[in-house]
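**Q** Contents of query_4.cif (mmCIF, C-alpha atoms) are below:
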data_start
#
loop_
_atom_site.group_PDB
_atom_site.id
_atom_site.type_symbol
_atom_site.label_atom_id
_atom_site.label_comp_id
_atom_site.auth_asym_id
_atom_site.auth_seq_id
_atom_site.Cartn_x
_atom_site.Cartn_y
_atom_site.Cartn_z
ATOM 1 C CA MET A 13 9.956 -2.473 -23.275
ATOM 2 C CA PHE A 14 8.292 -2.149 -19.901
ATOM 3 C CA ASN A 15 6.526 0.407 -17.756
ATOM 4 C CA GLN A 16 9.330 1.743 -15.507
ATOM 5 C CA GLU A 17 6.906 3.872 -13.469
ATOM 6 C CA MET A 18 4.824 0.795 -12.614
ATOM 7 C CA ALA A 19 7.970 -1.149 -11.706
ATOM 8 C CA ASN A 20 9.102 1.697 -9.426
ATOM 9 C CA ARG A 21 5.699 1.747 -7.711
ATOM 10 C CA TYR A 22 6.045 -1.995 -7.134
ATOM 11 C CA ASN A 23 9.550 -1.590 -5.749
ATOM 12 C CA ARG A 24 8.495 1.183 -3.324
ATOM 13 C CA ILE A 25 6.090 -1.114 -1.474
ATOM 14 C CA ALA A 26 7.697 -4.538 -2.035
ATOM 15 C CA GLY A 27 8.662 -6.585 1.000
ATOM 16 C CA ALA A 28 11.692 -7.957 -0.860
ATOM 17 C CA HIS A 29 14.327 -6.139 -2.881
ATOM 18 C CA LYS A 30 16.307 -9.145 -4.023
ATOM 19 C CA TYR A 31 15.050 -11.591 -6.608
ATOM 20 C CA ILE A 32 15.717 -15.148 -7.692
ATOM 21 C CA VAL A 33 14.670 -15.685 -11.292
ATOM 22 C CA GLY A 34 14.603 -19.121 -12.878
ATOM 23 C CA PHE A 35 14.779 -20.078 -16.520
ATOM 24 C CA VAL A 36 15.075 -23.213 -18.633
ATOM 25 C CA ARG A 37 17.874 -23.790 -21.108
ATOM 26 C CA HIS A 38 18.514 -27.098 -22.923
ATOM 27 C CA GLY A 39 16.421 -29.106 -20.472
ATOM 28 C CA ASN A 40 18.081 -27.675 -17.374
ATOM 29 C CA VAL A 41 16.623 -25.208 -14.886
ATOM 30 C CA TYR A 42 18.929 -22.393 -13.814
ATOM 31 C CA TYR A 43 18.494 -19.513 -11.435
ATOM 32 C CA VAL A 44 20.113 -16.134 -10.952
ATOM 33 C CA GLU A 45 20.044 -13.782 -7.983
ATOM 34 C CA LEU A 46 19.234 -10.225 -9.024
ATOM 35 C CA THR A 47 18.779 -6.753 -7.607
ATOM 36 C CA PHE A 48 15.713 -4.742 -8.549
ATOM 37 C CA THR A 49 17.742 -2.825 -11.163
ATOM 38 C CA GLU A 50 18.896 -6.109 -12.737
ATOM 39 C CA LEU A 51 15.350 -7.487 -12.606
ATOM 40 C CA CYS A 52 14.130 -4.457 -14.576
ATOM 41 C CA GLU A 53 16.268 -5.646 -17.513
ATOM 42 C CA LEU A 54 14.008 -8.723 -17.675
ATOM 43 C CA LEU A 55 10.616 -7.012 -17.353
ATOM 44 C CA LYS A 56 8.174 -6.753 -20.237
ATOM 45 C CA ASP A 57 4.731 -5.182 -20.501
ATOM 46 C CA ASP A 58 1.797 -7.501 -21.028
ATOM 47 C CA ARG A 59 -1.972 -7.112 -20.850
ATOM 48 C CA ALA A 60 -4.751 -9.254 -19.476
ATOM 49 C CA SER A 61 -7.319 -10.260 -22.059
ATOM 50 C CA SER A 62 -10.077 -7.742 -22.726
ATOM 51 C CA LYS A 63 -12.413 -10.313 -21.146
ATOM 52 C CA ARG A 64 -10.377 -9.871 -17.935
ATOM 53 C CA GLY A 65 -10.304 -6.083 -18.171
ATOM 54 C CA GLY A 66 -7.198 -5.543 -20.313
ATOM 55 C CA THR A 67 -5.166 -4.665 -17.218
ATOM 56 C CA LEU A 68 -1.493 -3.793 -17.697
ATOM 57 C CA LYS A 69 0.885 -6.443 -16.309
ATOM 58 C CA LEU A 70 4.623 -6.641 -15.772
ATOM 59 C CA ARG A 71 6.090 -10.021 -16.674
ATOM 60 C CA VAL A 72 9.517 -11.493 -16.091
ATOM 61 C CA ARG A 73 10.935 -12.661 -19.430
ATOM 62 C CA VAL A 74 14.436 -14.082 -19.835
ATOM 63 C CA SER A 75 15.460 -13.947 -23.493
ATOM 64 C CA ALA A 76 17.676 -16.645 -24.985
ATOM 65 C CA GLU A 77 20.500 -14.104 -25.189
ATOM 66 C CA GLN A 78 20.100 -13.129 -21.525
ATOM 67 C CA ALA A 79 20.007 -16.809 -20.493
ATOM 68 C CA ILE A 80 23.218 -17.518 -22.418
ATOM 69 C CA ASN A 81 24.887 -14.463 -20.872
ATOM 70 C CA PHE A 82 23.862 -15.516 -17.360
ATOM 71 C CA ILE A 83 25.225 -19.026 -17.919
ATOM 72 C CA HIS A 84 28.506 -17.988 -19.585
ATOM 73 C CA SER A 85 29.189 -15.278 -16.992
ATOM 74 C CA GLY A 86 28.838 -17.793 -14.179
ATOM 75 C CA LYS A 87 25.950 -15.820 -12.647
ATOM 76 C CA ALA A 88 23.459 -18.633 -13.336
ATOM 77 C CA VAL A 89 23.351 -21.654 -11.045
ATOM 78 C CA GLU A 90 22.145 -24.984 -12.414
ATOM 79 C CA LEU A 91 19.321 -26.177 -10.189
ATOM 80 C CA CYS A 92 17.655 -29.261 -11.658
ATOM 81 C CA LYS A 93 16.225 -30.861 -14.781
ATOM 82 C CA VAL A 94 13.105 -29.316 -16.321
ATOM 83 C CA GLU A 95 11.095 -32.456 -15.491
ATOM 84 C CA GLU A 96 11.314 -31.550 -11.804
ATOM 85 C CA LEU A 97 9.184 -28.466 -12.483
ATOM 86 C CA GLU A 98 6.388 -30.863 -13.396
ATOM 87 C CA ALA A 99 7.135 -33.534 -10.771
ATOM 88 C CA ASN A 100 4.324 -32.465 -8.444
ATOM 89 C CA ALA A 101 1.212 -32.106 -10.608
ATOM 90 C CA LYS A 102 -0.681 -30.486 -7.732
ATOM 91 C CA TYR A 103 1.321 -27.300 -8.397
ATOM 92 C CA ASN A 104 2.242 -25.319 -11.510
ATOM 93 C CA LYS A 105 5.831 -24.895 -12.737
ATOM 94 C CA GLY A 106 6.286 -21.585 -10.912
ATOM 95 C CA GLU A 107 5.114 -23.060 -7.625
ATOM 96 C CA ASN A 108 7.343 -26.100 -8.097
ATOM 97 C CA PHE A 109 10.271 -23.769 -8.864
ATOM 98 C CA GLU A 110 9.566 -21.842 -5.655
ATOM 99 C CA ARG A 111 9.427 -25.158 -3.743
ATOM 100 C CA ILE A 112 12.744 -26.380 -5.154
ATOM 101 C CA ILE A 113 14.469 -23.033 -4.462
ATOM 102 C CA THR A 114 13.044 -22.839 -0.935
ATOM 103 C CA GLU A 115 14.098 -26.368 -0.056
ATOM 104 C CA THR A 116 17.516 -25.933 -1.693
ATOM 105 C CA LEU A 117 18.485 -22.568 -0.206
ATOM 106 C CA THR A 118 16.834 -22.806 3.210
ATOM 107 C CA SER A 119 16.293 -25.560 5.749
ATOM 108 C CA GLU A 120 12.546 -25.028 5.444
ATOM 109 C CA LEU A 121 9.994 -27.354 3.926
ATOM 110 C CA TRP A 122 8.049 -25.351 1.328
ATOM 111 C CA VAL A 123 4.368 -24.738 1.955
ATOM 112 C CA LYS A 124 2.209 -22.896 -0.573
ATOM 113 C CA ASP A 125 1.036 -19.600 0.841
ATOM 114 C CA SER A 126 -0.587 -16.403 -0.340
ATOM 115 C CA VAL A 127 1.417 -13.801 1.575
ATOM 116 C CA PRO A 128 1.263 -10.585 -0.494
ATOM 117 C CA PHE A 129 4.440 -9.245 -2.127
ATOM 118 C CA TYR A 130 4.241 -6.049 -0.072
ATOM 119 C CA VAL A 131 4.428 -7.978 3.234
ATOM 120 C CA LYS A 132 7.550 -10.069 2.624
ATOM 121 C CA GLY A 133 9.440 -12.106 0.054
ATOM 122 C CA ASP A 134 8.939 -15.767 -0.738
ATOM 123 C CA ILE A 135 11.981 -16.804 1.298
ATOM 124 C CA ASN A 136 14.349 -15.286 3.820
ATOM 125 C CA VAL A 137 18.051 -16.095 3.485
ATOM 126 C CA ASN A 138 20.485 -14.641 6.010
ATOM 127 C CA GLY A 139 17.919 -12.059 7.086
ATOM 128 C CA GLU A 140 17.230 -10.922 3.526
ATOM 129 C CA GLU A 141 13.782 -11.202 1.945
ATOM 130 C CA ILE A 142 13.870 -12.669 -1.580
ATOM 131 C CA GLN A 143 11.091 -12.844 -4.173
ATOM 132 C CA ILE A 144 11.123 -15.937 -6.430
ATOM 133 C CA LYS A 145 9.938 -15.842 -10.044
ATOM 134 C CA LEU A 146 10.167 -18.302 -12.929
ATOM 135 C CA ASP A 147 10.580 -17.011 -16.484
ATOM 136 C CA GLY A 148 7.185 -15.898 -17.790
ATOM 137 C CA ALA A 149 5.773 -15.126 -14.345
ATOM 138 C CA GLU A 150 3.720 -12.045 -13.671
ATOM 139 C CA LEU A 151 5.531 -9.674 -11.324
ATOM 140 C CA THR A 152 2.421 -7.559 -10.748
ATOM 141 C CA ASN A 153 -0.496 -5.980 -12.532
ATOM 142 C CA GLU A 154 -2.114 -2.550 -12.326
ATOM 143 C CA LYS A 155 -5.154 -3.748 -10.357
ATOM 144 C CA THR A 156 -3.107 -5.629 -7.729
ATOM 145 C CA LEU A 157 -0.599 -2.802 -7.449
ATOM 146 C CA THR A 158 -3.261 -0.124 -6.933
ATOM 147 C CA LYS A 159 -4.962 -2.252 -4.249
ATOM 148 C CA ALA A 160 -1.631 -2.899 -2.501
ATOM 149 C CA GLU A 161 -0.726 0.799 -2.524
ATOM 150 C CA ALA A 162 -4.064 1.623 -0.880
ATOM 151 C CA LEU A 163 -3.488 -1.027 1.803
ATOM 152 C CA VAL A 164 0.007 0.173 2.698
ATOM 153 C CA GLY A 165 -0.870 3.839 2.317
ATOM 154 C CA ALA A 166 1.567 4.490 -0.518
#
With the file now loaded, output its structure as structure tokens.

**A**
Amino acid sequence: MFNQEMANRYNRIAGAHKYIVGFVRHGNVYYVELTFTELCELLKDDRASSKRGGTLKLRVRVSAEQAINFIHSGKAVELCKVEELEANAKYNKGENFERIITETLTSELWVKDSVPFYVKGDINVNGEEIQIKLDGAELTNEKTLTKAEALVGA
């Protein structure tokens, strides 16, 4: 289950409304392109530790059943072997996934940045902003979302 109201708040101010979500299955990394509505089927509530304030988070979680369905339906695209997510130890798996997607789907060389989600997506393909997330990634949290809403005047 997930907080739909929080997801809707995120969607209202997001700079991208298309998503690429990656997941690992049997040693292979796959990705799917999703709309916001489809992404919502993968969202789960989570909380930061009480030491970090216990803030509500929305996480992207691809269940085994969802992964199998994506693969069997042909919606999932095989990208690489799981080892490639760890090939550059300077970056975490999510960052390496973003790098591989960026360099595969665009002619751009990936550079780590910190552009906020409400400004633009992680990549632009054919004029469309796309947010990239690997299974287990945090989509947003209450603190970040509230700050972003104040900045954009939402």

**Q** Please expand the PyMOL selection byres ((chain A and resi 96) around 9) into the concrete residues it hits in this file, giving the result as a list in words.

**A** Val41, Cys92, Lys93, Val94, Glu95, Leu97, Glu98, Ala99, Asn100, Lys105, Asn108, Phe109 and Ile112 of chain A

**Q** Pick out the closest residue to Leu51 of chain A from this set: A:Ala19, A:Ala76, A:Val131, A:Val137. Count only C-alpha atoms.

**A**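 Using only C-alpha atoms, Leu51 of chain A sits closest to A:Ala19.
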
**Q** Give as a ChimeraX atom specification the residues that the PyMOL selection byres ((chain A and resi 153) around 7) matches when applied to the coordinates above.

**A** /A:67-70,152,154-157

**Q** Which one is closest to Gly139 of chain A: A:Asp57, A:Met13, A:Lys30, A:Leu151? Count only C-alpha atoms.

**A** A:Lys30

**Q** Do you have the atom CA of Phe82 of chain A-atom CA of Lys132 of chain A distance handy?

**A** 26.4 Å

**Q** Go ahead and compute the interatomic distance for atom CA of Trp122 of chain A and atom CA of Tyr103 of chain A, in Å to one decimal.

**A**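 So the answer is 12.0 Å.
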
**Q** Could you state which residues are captured by the PyMOL selection byres ((chain A and resi 27) around 9) in this file, as a list in words?

**A**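 Residues picked by the PyMOL selection byres ((chain A and resi 27) around 9): Asn23, Arg24, Ile25, Ala26, Ala28, His29, Pro128, Phe129, Tyr130, Val131, Lys132, Gly133, Glu141, Ile142 and Gln143 of chain A.
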
**Q** For the residues selected in the previous step, produce a file with C-alpha atoms as a compact mmCIF listing (two decimals), in the coordinates of the input.

**A**
# COMPACT_ATOMS: atom_id res chain seq x y z
CA ASN A 23 9.55 -1.59 -5.75
CA ARG A 24 8.49 1.18 -3.32
CA ILE A 25 6.09 -1.11 -1.47
CA ALA A 26 7.70 -4.54 -2.04
CA ALA A 28 11.69 -7.96 -0.86
CA HIS A 29 14.33 -6.14 -2.88
CA PRO A 128 1.26 -10.58 -0.49
CA PHE A 129 4.44 -9.24 -2.13
CA TYR A 130 4.24 -6.05 -0.07
CA VAL A 131 4.43 -7.98 3.23
CA LYS A 132 7.55 -10.07 2.62
CA GLY A 133 9.44 -12.11 0.05
CA GLU A 141 13.78 -11.20 1.94
CA ILE A 142 13.87 -12.67 -1.58
CA GLN A 143 11.09 -12.84 -4.17

**Q** Between A:Ile135, A:Val36, A:Ile83, A:Leu46, single out the one closest to Ile113 of chain A, counting all atoms listed in the file.

**A**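 Checking each candidate against Ile113 of chain A, we get A:Ile135 as the closest.
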
**Q** For the atom pair atom CA of Lys145 of chain A and atom CA of Lys56 of chain A, what is the interatomic distance in Å to one decimal place?

**A**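 These two atoms are separated by 13.8 Å.
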